[in-house]
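The structure appears below as structure tokens.
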Amino acid sequence: MTAVAEQIGAWLEQFTNQLPAPAWLEPLRKTAFQRFAELGFPNTHNEEWRFTNVAAIARTTFAPGRKGVVQTKLAKGPIQLVFANGHLLSKPESLPKGLEVGGFADDPVAVQKHLGKYASFNENAFVALNTAMTQDGALIRVARGAVIEEPIEIFYLTTTGKDPIATHPRALILVGANAQCTIVERYTGVSEGAYLTNAVTEIVVGESAVVDHYKVQQEALSAYHVATLQAGLGRSSVFSSTSISLGGALVRNDANCILSEGSEGTLNGLYIVNGTQHVDNHTAIDHAQPHANSHELYKGILDGKSHAVFNGKIFVRKDAQKTDSKQTNKNLVLSDEAVVDTKPELQILADDVRCTHGATIGQLDAESLFYLRSRGIAKHEARNLLIFAFAQDVVDRIKVQSLRDSLEKILFEKFHEHAE
Amino acid sequence: MALLEIKDLHAKVGEREILKGIDLTVNAGEVHAIMGPNGSGKSTLAQVLSGRDMYVVTGGSVTYDGKDLLELSPEDRAREGIFLAFQYPVEIPGVSNMYFLKAALNAIRKHRGIEELDAMDFLNVVREKMQIMKMDQALLNRPVNTGFSGGEKKRNEIFQMAVLEPRLAILDETDSGLDIDALRTVAGGVNAMRSPDRGMIVVTHYQRLLSEIVPDFVHVLADGRIVKSGGKELALELEAEGYEGLGLHDEPEAVGRI
Ligand SMILES: Nc1ncnc2c1ncn2[C@@H]1O[C@H](COP(=O)(O)OP(=O)(O)O)[C@@H](O)[C@H]1O
Ligand SMILES: [Mg+2]
């Protein structure tokens, strides 16, 4: 067997041995696995994966996640869905009117109608693999017109020892017309060795709906985390997704949005990496129709020998006149050995549009540092203040207070390690 | 003992020597004005005194309150009582003026063995000083100098000085870019700080400020050296005859530099 066939072979075994799926899901899983086998894991000759080498994932034989003990303490929120090693562990006890939160078995009709319709596995081997391995997942459904004030949280916990396991978290979020909700997806892990989280989240934002989505990635530092977010925005809807990426050895986030007429899409991100961590954020915003706005602000803080990749695609289709789109990627590099690869990719076919983009890679500003020190503030404190300040505008945009507070605490703790 | 004693100070940036042997003694209670054409090294001297490492001291000595000043980090100089009002105050987005100044004041108080202030006490301390500087309290919640007008920035510098209560204040062209009202406010703030325990070095290009803050001594800096020293009448002399009267010329000023 060739190396590639061997890699696929281990997954084929897992695919074949997994629990039977409901009849309607079987064909989708089969097609997806077929596609995964054809694609194989991407290598760095693939333009989309040029700076992110997943050979370590391809080489590893992962066991499926077993139902296990949860070692992570969770802050209890009222609307919470918890998956442990890929298995649904707990569901909320009571729910506000107009909201469904549960596993796929809770509403098979809705799942069947929507699952896999948005996140295409045609080009992306990880999405294909996730789809092929889907057994259960998070289902959130907000009825037309319902306004859910409390954030809806989904926790994905991985607890494992030295043996590598893989989970394929899947979420399907369906928000009806005129509805409003806030969704927080959190990925955390406790492990001694490598494990893989290969996640796909599909979000359907109904006409005039307002959805805020947050993803907090705090995997173990030995983890591989690959995830795709696919959001479809209905007419005049407002959607934002904020990706906070802190953990993981090798992280790849794809965030894709398709905008209909009059809609507004925001993709924000903050990544903080150190040591040999690698984080890759690929975003794609598709202005499929006129009069839509998109905003993008991704900020990165890099230390050690870490590597960050940002790729921001903006498509403006021929009919998408009056598009207004702004993309910004800023990187703060704290060491000489950290590397950033950042690239905007704009494809604009309409002529009456406003599209701006900008990327910066910089160090702490020496003048600002001196100014603070000249007032008596210690060097390391001045440094921390400036790092904090750099992240501030992404943090400030987070509307969930508890999330903002916990993030500020994390930032504070992280950058006090620098104290000399 | 003199508060500050500068002897034969030489400093360079890159390969270029800018300060070419400065001698200056400032006693507590004195106000010294340093005048001189653009590019003569006034800001360089001010920045060297507060410890900017971009400028490398290549010779001479600076003794402050009996200590070797050049040995101290910028923050330790500040804690020991040195304050520089920047010619170009730095904008720091994302750091609130209030957080910044409270951190600075508490670092200095801690160093002096005084109890640190909580937010309430801090507000009480600053409120009164903001009034003297005719500053809107809203400026406390804004990021440091960010989006401030030129005048607001300069007033913010003097306000910081008033809060931090230094023993040696160095004001680098605090008058430039101010209209006469703002100039009077700033000068009022500075004059209120004059005290027998405090020395001041007031760097200015024009005499205008010195009719508001009347100095005890005036020095003329040219090409990295003090070429003339005298009493307050020297400023008037310079005003009448210009630097040209001394055979000195302005260097065209580079944009955005310190
Ligand atoms: N950071 C720097 N890099 C290069 N040259 C500098 C720098 N700072 C000052 N200089 C030069 O040193 C000289 C003195 O500058 P400065 O001290 O700012 O003068 P002043 O404040 O009297 O106008 C000028 O010729 C200026 O161009
Ligand atoms: Mg100057």
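The way I read the labels, and the way they are meant: chains A, B, ... in the order of the structure tokens, residue 1 as the first residue of every chain, and ligand 1 as the first ligand shown, with later ones counted on from there.
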
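Inspection of the environment of ligand 2, which uses only C-alpha atoms and all ligand atoms and a cut-off of 8 Å, identifies the neighbouring residues as Asn38, Gly39, Gly41, Lys42, Ser43, Thr44, Gln87, Asp172, Glu173 and Ile258 of chain B.
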
Query - Residue neighbourhood Pro37 of chain B, 8 Å, only C-alpha atoms, exclusion window fewer than 3 positions, as a list in words - result: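 Everything that qualifies: Ser40, His205, Leu221, Ala222, Tyr243, Leu248, His249, Asp250 and Glu251 of chain B.
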
Store the residues picked out above, limited to C-alpha atoms, as a PDB file, in the first residue's frame.
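This is the output file selection18.pdb:
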```
ATOM      1  CA  SER B  40      20.120  72.144  17.987  1.00  0.00           C
ATOM      2  CA  HIS B 205      11.896  77.759  20.728  1.00  0.00           C
ATOM      3  CA  LEU B 221      21.729  75.598  22.862  1.00  0.00           C
ATOM      4  CA  ALA B 222      23.277  75.468  19.419  1.00  0.00           C
ATOM      5  CA  TYR B 243      18.869  83.397  16.736  1.00  0.00           C
ATOM      6  CA  LEU B 248      22.554  80.701  14.614  1.00  0.00           C
ATOM      7  CA  HIS B 249      20.127  79.171  12.145  1.00  0.00           C
ATOM      8  CA  ASP B 250      17.173  76.825  12.307  1.00  0.00           C
ATOM      9  CA  GLU B 251      17.573  73.456  10.727  1.00  0.00           C
TER      10      GLU B 251
END
```

Report task. Please identify all polymer residues within 8 Å of Ala162 of chain B, counting only C-alpha atoms, omitting same-chain residues fewer than 3 positions from it, and present them as a ChimeraX atom specification. Result -> /B:129,158-159,165,189,193

Query raised in the report: What's the 7 Å shell around Gly231 of chain B, counting only C-alpha atoms, without same-chain residues fewer than 6 positions away, as number ranges by chain?
Result: B: 216-218

C-alpha atoms of the current selection, written as a PDB file, in the first residue's frame:
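What ended up in selection05.pdb:
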```pdb
ATOM      1  CA  ASP B 216      15.659  82.141  36.637  1.00  0.00           C
ATOM      2  CA  PHE B 217      18.197  81.266  33.964  1.00  0.00           C
ATOM      3  CA  VAL B 218      18.216  81.088  30.202  1.00  0.00           C
TER       4      VAL B 218
END
```

Query - Distance query Gln392 of chain A at most 9 Å, only C-alpha atoms, self and fewer than 3 positions along chain excluded, as a ChimeraX atom specification - result: /A:387-389,395-397,408 /B:93-95

Filtering to N, CA, C and O atoms, could you give me those residues as a PDB file, in the first residue's frame?
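again18.pdb, freshly written:
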```pdb
ATOM      1  N   ILE A 387       0.210  45.048  24.853  1.00  0.00           N
ATOM      2  CA  ILE A 387      -0.305  43.821  24.238  1.00  0.00           C
ATOM      3  C   ILE A 387      -1.823  43.760  24.440  1.00  0.00           C
ATOM      4  O   ILE A 387      -2.589  43.487  23.522  1.00  0.00           O
ATOM      5  N   PHE A 388      -2.224  44.035  25.660  1.00  0.00           N
ATOM      6  CA  PHE A 388      -3.643  44.136  25.996  1.00  0.00           C
ATOM      7  C   PHE A 388      -4.363  45.099  25.065  1.00  0.00           C
ATOM      8  O   PHE A 388      -5.425  44.826  24.529  1.00  0.00           O
ATOM      9  N   ALA A 389      -3.744  46.260  24.928  1.00  0.00           N
ATOM     10  CA  ALA A 389      -4.341  47.327  24.131  1.00  0.00           C
ATOM     11  C   ALA A 389      -4.503  46.875  22.686  1.00  0.00           C
ATOM     12  O   ALA A 389      -5.498  47.186  22.033  1.00  0.00           O
ATOM     13  N   VAL A 395     -11.661  42.362  21.589  1.00  0.00           N
ATOM     14  CA  VAL A 395     -12.324  42.005  22.848  1.00  0.00           C
ATOM     15  C   VAL A 395     -13.539  42.903  23.088  1.00  0.00           C
ATOM     16  O   VAL A 395     -14.613  42.430  23.454  1.00  0.00           O
ATOM     17  N   ASP A 396     -13.384  44.189  22.851  1.00  0.00           N
ATOM     18  CA  ASP A 396     -14.490  45.134  23.061  1.00  0.00           C
ATOM     19  C   ASP A 396     -15.715  44.833  22.209  1.00  0.00           C
ATOM     20  O   ASP A 396     -16.830  45.196  22.569  1.00  0.00           O
ATOM     21  N   ARG A 397     -15.487  44.212  21.076  1.00  0.00           N
ATOM     22  CA  ARG A 397     -16.617  43.925  20.193  1.00  0.00           C
ATOM     23  C   ARG A 397     -17.419  42.707  20.646  1.00  0.00           C
ATOM     24  O   ARG A 397     -18.470  42.419  20.087  1.00  0.00           O
ATOM     25  N   GLU A 408     -10.567  38.565  29.062  1.00  0.00           N
ATOM     26  CA  GLU A 408      -9.656  39.557  29.642  1.00  0.00           C
ATOM     27  C   GLU A 408      -8.790  38.925  30.717  1.00  0.00           C
ATOM     28  O   GLU A 408      -7.605  39.209  30.829  1.00  0.00           O
TER      29      GLU A 408
ATOM     30  N   PRO B  93      -3.647  53.913  21.614  1.00  0.00           N
ATOM     31  CA  PRO B  93      -5.016  53.414  21.536  1.00  0.00           C
ATOM     32  C   PRO B  93      -5.163  52.161  22.400  1.00  0.00           C
ATOM     33  O   PRO B  93      -4.225  51.372  22.501  1.00  0.00           O
ATOM     34  N   GLY B  94      -6.305  52.002  23.019  1.00  0.00           N
ATOM     35  CA  GLY B  94      -6.551  50.774  23.776  1.00  0.00           C
ATOM     36  C   GLY B  94      -6.133  50.853  25.231  1.00  0.00           C
ATOM     37  O   GLY B  94      -6.463  49.972  26.013  1.00  0.00           O
ATOM     38  N   VAL B  95      -5.393  51.891  25.619  1.00  0.00           N
ATOM     39  CA  VAL B  95      -5.038  52.062  27.035  1.00  0.00           C
ATOM     40  C   VAL B  95      -5.721  53.334  27.525  1.00  0.00           C
ATOM     41  O   VAL B  95      -5.466  54.407  26.987  1.00  0.00           O
TER      42      VAL B  95
END
```

Report task. Would you mind writing down, as a list of chain:residue names, each residue of segment 86-195 of chain A that DSSP on the backbone assigns to helix (DSSP H, G or I)? Result -> A:Phe104, A:Ala105, A:Asp106, A:Pro108, A:Val109, A:Ala110, A:Val111, A:Gln112, A:Lys113, A:His114, A:Ala125, A:Phe126, A:Val127, A:Ala128, A:Leu129, A:Asn130, A:Thr131, A:Ala132

Would you write out those residues with N, CA and C atoms, as a compact mmCIF listing (two decimals), in the first residue's frame?
```
# COMPACT_ATOMS: atom_id res chain seq x y z
N PHE A 104 -28.89 15.35 17.37
CA PHE A 104 -29.54 15.14 16.08
C PHE A 104 -30.79 14.28 16.20
N ALA A 105 -30.78 13.37 17.20
CA ALA A 105 -31.92 12.47 17.34
C ALA A 105 -33.17 13.22 17.80
N ASP A 106 -32.97 14.43 18.33
CA ASP A 106 -34.12 15.18 18.84
C ASP A 106 -35.02 15.75 17.75
N PRO A 108 -34.88 14.69 13.92
CA PRO A 108 -34.27 14.11 12.72
C PRO A 108 -34.78 14.74 11.42
N VAL A 109 -36.00 15.22 11.44
CA VAL A 109 -36.56 15.79 10.21
C VAL A 109 -35.79 17.05 9.80
N ALA A 110 -35.58 17.92 10.79
CA ALA A 110 -34.85 19.16 10.50
C ALA A 110 -33.41 18.84 10.10
N VAL A 111 -32.81 17.90 10.81
CA VAL A 111 -31.42 17.57 10.52
C VAL A 111 -31.30 17.03 9.10
N GLN A 112 -32.19 16.13 8.78
CA GLN A 112 -32.15 15.52 7.45
C GLN A 112 -32.29 16.57 6.36
N LYS A 113 -33.12 17.55 6.63
CA LYS A 113 -33.37 18.59 5.63
C LYS A 113 -32.14 19.48 5.40
N HIS A 114 -31.37 19.70 6.45
CA HIS A 114 -30.31 20.71 6.34
C HIS A 114 -28.88 20.19 6.41
N ALA A 125 -11.12 18.06 2.39
CA ALA A 125 -11.04 16.68 2.88
C ALA A 125 -11.47 16.57 4.34
N PHE A 126 -11.20 17.62 5.12
CA PHE A 126 -11.57 17.56 6.54
C PHE A 126 -13.09 17.63 6.71
N VAL A 127 -13.73 18.45 5.90
CA VAL A 127 -15.20 18.51 5.97
C VAL A 127 -15.77 17.17 5.51
N ALA A 128 -15.15 16.60 4.48
CA ALA A 128 -15.61 15.29 3.98
C ALA A 128 -15.48 14.24 5.09
N LEU A 129 -14.33 14.25 5.77
CA LEU A 129 -14.11 13.26 6.82
C LEU A 129 -15.10 13.48 7.97
N ASN A 130 -15.31 14.72 8.33
CA ASN A 130 -16.27 15.02 9.39
C ASN A 130 -17.65 14.49 9.03
N THR A 131 -18.06 14.76 7.79
CA THR A 131 -19.39 14.33 7.36
C THR A 131 -19.49 12.80 7.36
N ALA A 132 -18.41 12.15 6.92
CA ALA A 132 -18.40 10.69 6.88
C ALA A 132 -18.49 10.10 8.29
```

Requested in this report: Identify, on the basis of only C-alpha atoms, every residue whose closest approach to Gly77 of chain A does not exceed 12 Å; exclude the query and any residue fewer than 4 positions from it along the same chain; express the result as a list in words.
Outcome: Leu81, Val82, Lys91, Pro92, Glu93, Ser94, Glu150, Pro151, Ile152, Glu153, Ile154, Phe155, Val184, Ser402 and Leu403 of chain A

Report task. Kindly indicate which residue among A:Glu367, A:Glu337, A:Gln80, A:His380 lies nearest to ligand 1, using only C-alpha atoms and all ligand atoms for the distances. Result -> A:Glu367

**Report entry** Spatial neighbours of Asn156 of chain B, 9 Å, only C-alpha atoms, chain gap at least 4 places, as a VMD selection string
**Finding:** chain B and resid 89 130 133 135 139 145 151 to 152 160 to 161

Report task. Quick one: pull the distance between atom CA of Leu238 of chain B and atom CA of Leu19 of chain B, Å, one decimal. Result ->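 Atom CA of Leu238 of chain B sits 21.7 Å away from atom CA of Leu19 of chain B.
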
Requested in this report: Report as a VMD selection string the set of chain A residues whose atoms approach chain B to within 8 Å, with distances computed over only C-alpha atoms.
Outcome: chain A and resid 367 to 368 370 to 379 385 to 386 388 to 390 392 to 393

**Report entry** DSSP strand (DSSP E) selection over segment 159-199 of chain B, as an MDAnalysis selection string
**Finding:** chainID B and resid 168:172 199

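In this model, the gap between atom CA of Asn46 of chain A and atom CA of Val340 of chain A comes to 18.7 Å.
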
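Nearest to ligand 1 of all the residues A:Glu219, A:His307, A:Gly137, A:Ala366 is A:Ala366, based on only C-alpha atoms and all ligand atoms.
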
**Report entry** Distance of atom CA of Ala33 of chain B from atom CA of Asp175 of chain B, expressed in Å to one decimal place
**Finding:**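 Between atom CA of Asp175 of chain B and atom CA of Ala33 of chain B the gap is 12.5 Å.
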